[in-house]
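S.K.: One structure, as structure tokens, below. Some questions next.
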There are 2 protein chains.
Amino acid sequence: MGLPLPTITRCSYLFDILRQLSVNGQEYVSSAELGNMLGQKPATIRKDIHFLSGDSVAVHKYDVKALRNMIQEKLGLGIERRACIVGLGKLGSAFLEHAMAFPNESYRIIAGFDSNVNRLETIRTSIELFPAHQIVEKIREKAIELAIIAVPPLQAQDVIDKCCNGGVSGILNFSPAPIRTIPSHVVLKSFDISSELNIFAARAQHSE
Amino acid sequence: MGLPLPTITRCSYLFDILRQLSVNGQEYVSSAELGNMLGQKPATIRKDIHFLSGDSVAVHKYDVKALRNMIQEKLGLGIERRACIVGLGKLGSAFLEHAMAFPNESYRIIAGFDSNVNRLETIRTSIELFPAHQIVEKIREKAIELAIIAVPPLQAQDVIDKCCNGGVSGILNFSPAPIRTIPSHVVLKSFDISSELNIFAARAQHSE
């Protein structure tokens with residue numbers, strides 16, 4: 001089934017928002033509320049849900065749990081896959097801690113890598129840590145499917161090559177480096193804070 | 001001028017990539033290379049550049065510096081605005097350090113806030129730090145336009161309300177909390193690692 005990427009993206013965010021609403025005890029939610037929380041128009045939310053569910057009538061008010069289950073089923077979430085973090089400096093360690101505090105149903109982080117062996121010895125965590133020269137071997141051995149990259153820019157391409165050689169199908173890259181080569185079956189998403197700030201500046205400029 | 005958000009987003013990322021290419025001494029770049037680095041089709045990149053520049057002929061090879069200057073001018077980048085970080089736990093401190101190491105031409109981070117005064121005393125940084133109860137007053141006084149939010153989920157809405165009261169026009173939210181109310185003139189972008197992982201899972205599922 002070919003779902004458009006913007007729909008996948010919005011519904012993936014909805015999935016987490018719905019969990020939080022459910023935890024807070026909220027039973028029903030409107031497309032207006034969901035739109036507001038996602039920074040999207042309510043009509044966009046209704047269209048996404050309508051498209052995903054295949055229901056014949058679009059509604060404005062949803063049962064929180066039922067909607068979450070529908071999204072989980074249609075997007076194929078809730079099958080736990082394995083992830084690793086490469087680069088355990090300040091940013092990588094912070095992501096690791098954040099991921100342990102807010103666990104995800106789609107990926108479990110099971111390994112961390114860093115080229116600095118002394119650093120590995122000082123990090124306290126329940127996941128397994130390995131020196132960077134074992135990336136290919138450990139990703140293969142543990143069937144890790146996703147790598148979160150938080151290494152310095154000059155190391156990024158090399159580390160990503162190794163993760164791809166190990167067999168990951170996804171790379172979430174936080175390293176501010178242009179990645180030149182990636183196998184065509186691997187999904188790469190880069191998130192660069194500097195570029196995100198530029199987006200705000202451009203948007204501020206164009207609404208002034 | 002109304003630029004579509006996807007074009008603004010891709011060109012903001014291009015702007016940073018072009019700086020890195022320029023620093024590496026590369027003079028020319030093709031749309032194929034740029035597309036590869038951004039995870040986009042070369043034709044999409046050519047269309048964006050063509051649209052932004054208004055040139056009558058789309059080309060396949062660009063002068064790195066000239067292209068960067070064009071994007072800067074058309075998006076209105078390079079006017080330095082002021083930003084702050086709210087929440088200086090592991091994630092916020094890591095972002096702060098990252099932002100200082102990779103400075104941005106659109107925003108300069110000039111202040112940090114945290115509700116834990118003891119924490120403020122232990123952080124070493126060249127920017128000014130303030131207790132969270134001064135958010136409204138300091139944002140107003142220093143004309144801060146953007147707030148980067150890295151507080152625990154339960155504090156997020158309250159802190160974002162305060163930043164909006166202080167007068168920011170943009171919120172980059174890393175706190176995994178559904179934000180319910182935001183003034184209509186404020187641009188909110190939430191980045192949630194868990195939701196991003198769901199996107200990978202859904203994409204892996206739909207290409208299997």
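Just so we're on the same page: first chain in the structure tokens is A, next is B, and so on; residues restart at 1 for each chain, and ligands are numbered from 1 in the order they show up.
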If the cut-off is 7 Å, can you tell me the residues of chain A near chain B, counting only C-alpha atoms? I'd like them as an mmCIF file with all heavy atoms, in the first residue's frame.

M.R.:
```cif
data_model
loop_
_atom_site.group_PDB
_atom_site.id
_atom_site.type_symbol
_atom_site.label_atom_id
_atom_site.label_comp_id
_atom_site.auth_asym_id
_atom_site.auth_seq_id
_atom_site.Cartn_x
_atom_site.Cartn_y
_atom_site.Cartn_z
ATOM 1 N N MET A 1 0.852 -1.202 0.000
ATOM 2 C CA MET A 1 0.000 0.000 0.000
ATOM 3 C C MET A 1 0.882 1.244 0.000
ATOM 4 O O MET A 1 1.742 1.399 0.845
ATOM 5 C CB MET A 1 -0.887 0.004 1.248
ATOM 6 C CG MET A 1 -1.750 1.257 1.351
ATOM 7 S SD MET A 1 -3.069 1.098 2.593
ATOM 8 C CE MET A 1 -2.185 1.361 4.114
ATOM 9 N N GLY A 2 0.670 2.124 -0.943
ATOM 10 C CA GLY A 2 1.488 3.322 -1.017
ATOM 11 C C GLY A 2 0.835 4.489 -0.301
ATOM 12 O O GLY A 2 -0.074 5.103 -0.829
ATOM 13 N N ILE A 8 1.921 9.792 6.322
ATOM 14 C CA ILE A 8 2.664 8.943 7.267
ATOM 15 C C ILE A 8 3.247 9.797 8.391
ATOM 16 O O ILE A 8 3.159 9.461 9.570
ATOM 17 C CB ILE A 8 3.805 8.177 6.543
ATOM 18 C CG1 ILE A 8 3.225 7.073 5.648
ATOM 19 C CG2 ILE A 8 4.798 7.591 7.541
ATOM 20 C CD1 ILE A 8 4.271 6.246 4.910
ATOM 21 N N THR A 9 3.833 10.938 8.012
ATOM 22 C CA THR A 9 4.485 11.806 8.992
ATOM 23 C C THR A 9 3.475 12.351 10.002
ATOM 24 O O THR A 9 3.666 12.235 11.217
ATOM 25 C CB THR A 9 5.197 12.970 8.271
ATOM 26 O OG1 THR A 9 6.139 12.404 7.361
ATOM 27 C CG2 THR A 9 5.916 13.883 9.245
ATOM 28 N N SER A 12 2.066 9.574 12.230
ATOM 29 C CA SER A 12 3.046 9.086 13.196
ATOM 30 C C SER A 12 3.100 10.012 14.411
ATOM 31 O O SER A 12 3.238 9.559 15.548
ATOM 32 C CB SER A 12 4.432 8.991 12.556
ATOM 33 O OG SER A 12 4.429 8.024 11.532
ATOM 34 N N TYR A 13 2.987 11.317 14.153
ATOM 35 C CA TYR A 13 2.927 12.279 15.260
ATOM 36 C C TYR A 13 1.607 12.143 16.020
ATOM 37 O O TYR A 13 1.584 12.174 17.251
ATOM 38 C CB TYR A 13 3.128 13.715 14.747
ATOM 39 C CG TYR A 13 4.584 14.140 14.785
ATOM 40 C CD1 TYR A 13 5.480 13.738 13.800
ATOM 41 C CD2 TYR A 13 5.077 14.927 15.823
ATOM 42 C CE1 TYR A 13 6.816 14.102 13.841
ATOM 43 C CE2 TYR A 13 6.412 15.302 15.874
ATOM 44 C CZ TYR A 13 7.277 14.891 14.881
ATOM 45 O OH TYR A 13 8.600 15.252 14.941
ATOM 46 N N ASP A 16 1.604 9.373 18.662
ATOM 47 C CA ASP A 16 2.195 9.708 19.962
ATOM 48 C C ASP A 16 1.316 10.664 20.759
ATOM 49 O O ASP A 16 1.198 10.551 21.980
ATOM 50 C CB ASP A 16 3.605 10.292 19.775
ATOM 51 C CG ASP A 16 4.648 9.195 19.621
ATOM 52 O OD1 ASP A 16 4.645 8.277 20.461
ATOM 53 O OD2 ASP A 16 5.442 9.244 18.678
ATOM 54 N N ILE A 17 0.705 11.607 20.059
ATOM 55 C CA ILE A 17 -0.178 12.550 20.754
ATOM 56 C C ILE A 17 -1.359 11.803 21.373
ATOM 57 O O ILE A 17 -1.759 12.059 22.509
ATOM 58 C CB ILE A 17 -0.659 13.645 19.770
ATOM 59 C CG1 ILE A 17 0.481 14.650 19.550
ATOM 60 C CG2 ILE A 17 -1.909 14.340 20.284
ATOM 61 C CD1 ILE A 17 0.150 15.754 18.574
ATOM 62 N N ASN A 36 -4.790 21.610 15.990
ATOM 63 C CA ASN A 36 -4.130 22.614 16.818
ATOM 64 C C ASN A 36 -2.820 22.069 17.398
ATOM 65 O O ASN A 36 -1.761 22.710 17.309
ATOM 66 C CB ASN A 36 -5.102 22.990 17.944
ATOM 67 C CG ASN A 36 -4.715 24.292 18.603
ATOM 68 O OD1 ASN A 36 -4.054 25.111 17.983
ATOM 69 N ND2 ASN A 36 -5.100 24.464 19.841
ATOM 70 N N MET A 37 -2.882 20.845 17.927
ATOM 71 C CA MET A 37 -1.695 20.271 18.562
ATOM 72 C C MET A 37 -0.604 19.937 17.546
ATOM 73 O O MET A 37 0.571 19.938 17.864
ATOM 74 C CB MET A 37 -2.078 19.007 19.337
ATOM 75 C CG MET A 37 -2.869 19.321 20.592
ATOM 76 S SD MET A 37 -3.204 17.850 21.568
ATOM 77 C CE MET A 37 -4.907 17.541 21.169
ATOM 78 N N GLY A 39 -0.263 21.680 14.655
ATOM 79 C CA GLY A 39 0.017 22.842 13.806
ATOM 80 C C GLY A 39 -0.486 22.628 12.381
ATOM 81 O O GLY A 39 0.138 23.056 11.415
ATOM 82 N N LEU A 75 -0.631 1.860 9.794
ATOM 83 C CA LEU A 75 0.772 2.228 9.535
ATOM 84 C C LEU A 75 1.708 1.057 9.810
ATOM 85 O O LEU A 75 2.879 1.098 9.447
ATOM 86 C CB LEU A 75 1.200 3.428 10.389
ATOM 87 C CG LEU A 75 0.619 4.796 10.072
ATOM 88 C CD1 LEU A 75 1.356 5.868 10.865
ATOM 89 C CD2 LEU A 75 0.702 5.128 8.586
ATOM 90 N N GLY A 76 1.181 0.009 10.447
ATOM 91 C CA GLY A 76 2.042 -1.129 10.776
ATOM 92 C C GLY A 76 2.986 -0.815 11.914
ATOM 93 O O GLY A 76 4.129 -1.276 11.950
ATOM 94 N N LEU A 77 2.525 0.007 12.877
ATOM 95 C CA LEU A 77 3.360 0.318 14.041
ATOM 96 C C LEU A 77 3.164 -0.767 15.094
ATOM 97 O O LEU A 77 2.324 -1.637 14.953
ATOM 98 C CB LEU A 77 2.976 1.689 14.603
ATOM 99 C CG LEU A 77 3.089 2.836 13.602
ATOM 100 C CD1 LEU A 77 2.589 4.136 14.199
ATOM 101 C CD2 LEU A 77 4.540 3.003 13.145
ATOM 102 N N LYS A 90 27.716 14.645 24.012
ATOM 103 C CA LYS A 90 26.612 15.319 24.703
ATOM 104 C C LYS A 90 25.263 15.038 24.044
ATOM 105 O O LYS A 90 24.313 14.639 24.690
ATOM 106 C CB LYS A 90 26.859 16.839 24.727
ATOM 107 C CG LYS A 90 27.820 17.288 25.803
ATOM 108 C CD LYS A 90 27.081 17.608 27.107
ATOM 109 C CE LYS A 90 28.023 17.783 28.273
ATOM 110 N NZ LYS A 90 28.810 19.016 28.177
ATOM 111 N N LEU A 91 25.190 15.260 22.711
ATOM 112 C CA LEU A 91 23.906 15.132 22.017
ATOM 113 C C LEU A 91 23.437 13.673 21.990
ATOM 114 O O LEU A 91 22.286 13.378 22.315
ATOM 115 C CB LEU A 91 24.030 15.694 20.596
ATOM 116 C CG LEU A 91 22.739 16.116 19.892
ATOM 117 C CD1 LEU A 91 21.971 17.158 20.677
ATOM 118 C CD2 LEU A 91 23.049 16.659 18.491
ATOM 119 N N ALA A 94 22.305 12.543 25.366
ATOM 120 C CA ALA A 94 21.020 13.158 25.718
ATOM 121 C C ALA A 94 19.881 12.440 25.004
ATOM 122 O O ALA A 94 18.833 12.179 25.591
ATOM 123 C CB ALA A 94 21.026 14.645 25.361
ATOM 124 N N PHE A 95 20.077 12.097 23.728
ATOM 125 C CA PHE A 95 19.052 11.355 22.987
ATOM 126 C C PHE A 95 18.819 9.989 23.619
ATOM 127 O O PHE A 95 17.693 9.532 23.739
ATOM 128 C CB PHE A 95 19.450 11.169 21.523
ATOM 129 C CG PHE A 95 19.265 12.407 20.708
ATOM 130 C CD1 PHE A 95 20.204 12.772 19.758
ATOM 131 C CD2 PHE A 95 18.154 13.208 20.870
ATOM 132 C CE1 PHE A 95 20.036 13.919 18.995
ATOM 133 C CE2 PHE A 95 17.980 14.353 20.120
ATOM 134 C CZ PHE A 95 18.923 14.721 19.181
ATOM 135 N N ASN A 104 9.580 4.048 22.966
ATOM 136 C CA ASN A 104 8.834 4.069 21.721
ATOM 137 C C ASN A 104 8.403 2.644 21.396
ATOM 138 O O ASN A 104 9.127 1.683 21.660
ATOM 139 C CB ASN A 104 9.795 4.611 20.640
ATOM 140 C CG ASN A 104 9.185 4.595 19.281
ATOM 141 O OD1 ASN A 104 9.155 3.562 18.626
ATOM 142 N ND2 ASN A 104 8.676 5.729 18.854
ATOM 143 N N SER A 106 7.854 1.461 18.384
ATOM 144 C CA SER A 106 8.303 0.997 17.071
ATOM 145 C C SER A 106 9.758 0.537 17.080
ATOM 146 O O SER A 106 10.134 -0.360 16.329
ATOM 147 C CB SER A 106 8.154 2.117 16.044
ATOM 148 O OG SER A 106 6.820 2.548 15.977
ATOM 149 N N TYR A 107 10.567 1.207 17.896
ATOM 150 C CA TYR A 107 11.985 0.852 17.946
ATOM 151 C C TYR A 107 12.442 0.806 19.394
ATOM 152 O O TYR A 107 12.080 1.660 20.189
ATOM 153 C CB TYR A 107 12.850 1.879 17.204
ATOM 154 C CG TYR A 107 12.723 1.780 15.710
ATOM 155 C CD1 TYR A 107 11.832 2.601 15.034
ATOM 156 C CD2 TYR A 107 13.474 0.865 14.993
ATOM 157 C CE1 TYR A 107 11.686 2.504 13.655
ATOM 158 C CE2 TYR A 107 13.344 0.763 13.622
ATOM 159 C CZ TYR A 107 12.451 1.585 12.959
ATOM 160 O OH TYR A 107 12.319 1.480 11.609
ATOM 161 N N GLY A 170 17.295 2.187 7.898
ATOM 162 C CA GLY A 170 16.980 3.588 8.186
ATOM 163 C C GLY A 170 18.093 4.275 8.940
ATOM 164 O O GLY A 170 18.780 3.653 9.763
ATOM 165 N N PRO A 178 26.862 17.116 5.076
ATOM 166 C CA PRO A 178 26.198 16.635 3.857
ATOM 167 C C PRO A 178 26.578 15.178 3.601
ATOM 168 O O PRO A 178 27.749 14.854 3.500
ATOM 169 C CB PRO A 178 26.751 17.545 2.758
ATOM 170 C CG PRO A 178 27.922 18.263 3.329
ATOM 171 C CD PRO A 178 27.983 18.022 4.794
ATOM 172 N N ILE A 179 25.581 14.316 3.544
ATOM 173 C CA ILE A 179 25.819 12.882 3.317
ATOM 174 C C ILE A 179 25.713 12.635 1.814
ATOM 175 O O ILE A 179 24.679 12.899 1.209
ATOM 176 C CB ILE A 179 24.787 12.040 4.090
ATOM 177 C CG1 ILE A 179 24.839 12.387 5.585
ATOM 178 C CG2 ILE A 179 25.032 10.539 3.883
ATOM 179 C CD1 ILE A 179 26.210 12.289 6.218
ATOM 180 N N ARG A 180 26.800 12.133 1.210
ATOM 181 C CA ARG A 180 26.857 12.043 -0.242
ATOM 182 C C ARG A 180 26.370 10.720 -0.795
ATOM 183 O O ARG A 180 25.783 10.659 -1.857
ATOM 184 C CB ARG A 180 28.284 12.282 -0.735
ATOM 185 C CG ARG A 180 28.690 13.726 -0.594
ATOM 186 C CD ARG A 180 30.175 13.897 -0.784
ATOM 187 N NE ARG A 180 30.523 15.297 -0.581
ATOM 188 C CZ ARG A 180 30.384 16.230 -1.502
ATOM 189 N NH1 ARG A 180 29.912 15.934 -2.699
ATOM 190 N NH2 ARG A 180 30.708 17.486 -1.246
ATOM 191 N N LEU A 188 17.068 7.781 4.599
ATOM 192 C CA LEU A 188 17.868 8.723 5.392
ATOM 193 C C LEU A 188 17.024 9.934 5.729
ATOM 194 O O LEU A 188 16.394 10.525 4.848
ATOM 195 C CB LEU A 188 19.089 9.179 4.582
ATOM 196 C CG LEU A 188 19.875 10.388 5.126
ATOM 197 C CD1 LEU A 188 20.632 10.032 6.403
ATOM 198 C CD2 LEU A 188 20.851 10.928 4.082
ATOM 199 N N SER A 194 20.501 23.915 12.916
ATOM 200 C CA SER A 194 20.792 25.172 12.225
ATOM 201 C C SER A 194 19.822 25.378 11.054
ATOM 202 O O SER A 194 19.263 26.467 10.875
ATOM 203 C CB SER A 194 22.235 25.153 11.736
ATOM 204 O OG SER A 194 22.489 26.287 10.958
ATOM 205 N N SER A 195 19.592 24.326 10.273
ATOM 206 C CA SER A 195 18.673 24.443 9.135
ATOM 207 C C SER A 195 17.246 24.704 9.616
ATOM 208 O O SER A 195 16.503 25.465 8.996
ATOM 209 C CB SER A 195 18.709 23.174 8.291
ATOM 210 O OG SER A 195 20.019 22.925 7.835
ATOM 211 N N LEU A 197 16.449 26.345 12.250
ATOM 212 C CA LEU A 197 16.389 27.763 12.629
ATOM 213 C C LEU A 197 16.243 28.635 11.383
ATOM 214 O O LEU A 197 15.499 29.617 11.374
ATOM 215 C CB LEU A 197 17.636 28.157 13.430
ATOM 216 C CG LEU A 197 17.799 27.461 14.791
ATOM 217 C CD1 LEU A 197 19.068 27.936 15.487
ATOM 218 C CD2 LEU A 197 16.602 27.717 15.696
ATOM 219 N N ASN A 198 16.932 28.254 10.302
ATOM 220 C CA ASN A 198 16.782 29.001 9.049
ATOM 221 C C ASN A 198 15.328 28.991 8.567
ATOM 222 O O ASN A 198 14.843 29.987 8.020
ATOM 223 C CB ASN A 198 17.664 28.414 7.947
ATOM 224 C CG ASN A 198 19.141 28.668 8.182
ATOM 225 O OD1 ASN A 198 19.503 29.601 8.899
ATOM 226 N ND2 ASN A 198 19.984 27.839 7.601
ATOM 227 N N ILE A 199 14.658 27.860 8.743
ATOM 228 C CA ILE A 199 13.263 27.767 8.311
ATOM 229 C C ILE A 199 12.411 28.792 9.059
ATOM 230 O O ILE A 199 11.600 29.501 8.462
ATOM 231 C CB ILE A 199 12.706 26.339 8.541
ATOM 232 C CG1 ILE A 199 13.474 25.334 7.673
ATOM 233 C CG2 ILE A 199 11.208 26.280 8.222
ATOM 234 C CD1 ILE A 199 13.181 23.874 7.983
ATOM 235 N N PHE A 200 12.641 28.906 10.376
ATOM 236 C CA PHE A 200 11.895 29.907 11.153
ATOM 237 C C PHE A 200 12.187 31.318 10.645
ATOM 238 O O PHE A 200 11.292 32.141 10.506
ATOM 239 C CB PHE A 200 12.283 29.833 12.643
ATOM 240 C CG PHE A 200 11.518 28.801 13.403
ATOM 241 C CD1 PHE A 200 12.047 27.550 13.625
ATOM 242 C CD2 PHE A 200 10.261 29.087 13.897
ATOM 243 C CE1 PHE A 200 11.340 26.588 14.331
ATOM 244 C CE2 PHE A 200 9.545 28.143 14.603
ATOM 245 C CZ PHE A 200 10.082 26.881 14.822
ATOM 246 N N ALA A 201 13.476 31.581 10.370
ATOM 247 C CA ALA A 201 13.860 32.923 9.904
ATOM 248 C C ALA A 201 13.176 33.238 8.581
ATOM 249 O O ALA A 201 12.637 34.324 8.385
ATOM 250 C CB ALA A 201 15.379 32.998 9.755
ATOM 251 N N ALA A 202 13.150 32.259 7.677
ATOM 252 C CA ALA A 202 12.530 32.479 6.372
ATOM 253 C C ALA A 202 11.026 32.679 6.521
ATOM 254 O O ALA A 202 10.440 33.545 5.862
ATOM 255 C CB ALA A 202 12.822 31.295 5.438
ATOM 256 N N GLN A 205 10.383 36.116 7.969
ATOM 257 C CA GLN A 205 10.626 37.098 6.918
ATOM 258 C C GLN A 205 9.438 37.191 5.965
ATOM 259 O O GLN A 205 9.029 38.273 5.559
ATOM 260 C CB GLN A 205 11.870 36.632 6.140
ATOM 261 C CG GLN A 205 12.322 37.544 5.044
ATOM 262 C CD GLN A 205 13.015 38.766 5.593
ATOM 263 O OE1 GLN A 205 13.268 38.869 6.796
ATOM 264 N NE2 GLN A 205 13.295 39.726 4.742
ATOM 265 N N HIS A 206 8.880 36.042 5.600
ATOM 266 C CA HIS A 206 7.854 36.036 4.565
ATOM 267 C C HIS A 206 6.460 36.311 5.083
ATOM 268 O O HIS A 206 5.520 36.390 4.327
ATOM 269 C CB HIS A 206 7.902 34.711 3.783
ATOM 270 C CG HIS A 206 9.105 34.685 2.903
ATOM 271 N ND1 HIS A 206 9.164 35.356 1.717
ATOM 272 C CD2 HIS A 206 10.330 34.125 3.077
ATOM 273 C CE1 HIS A 206 10.358 35.186 1.192
ATOM 274 N NE2 HIS A 206 11.091 34.455 1.996
#
```

S.K.: Select from chain B everything DSSP, run on the backbone, classes as helix (DSSP H, G or I), then give the selection as a ChimeraX atom specification.

M.R.: /B:5-23,31-38,42-53,64-75,90-101,117-122,132-141,153-166,193-206

S.K.: When DSSP works through the backbone of this structure, what residues of stretch 69-175 of chain A end up as strand (DSSP E or B), shown as a PyMOL selection string?

M.R.: chain A and resi 81-86+107-114+128-131+146-149+170-173

S.K.: Can you pull out every residue within 12 Å of B:Glu141, counting only C-alpha atoms, but drop anything in the same chain fewer than 3 positions away, and send it as a PyMOL selection string?

M.R.: chain B and resi 82+111+134-138+144-145+166-168
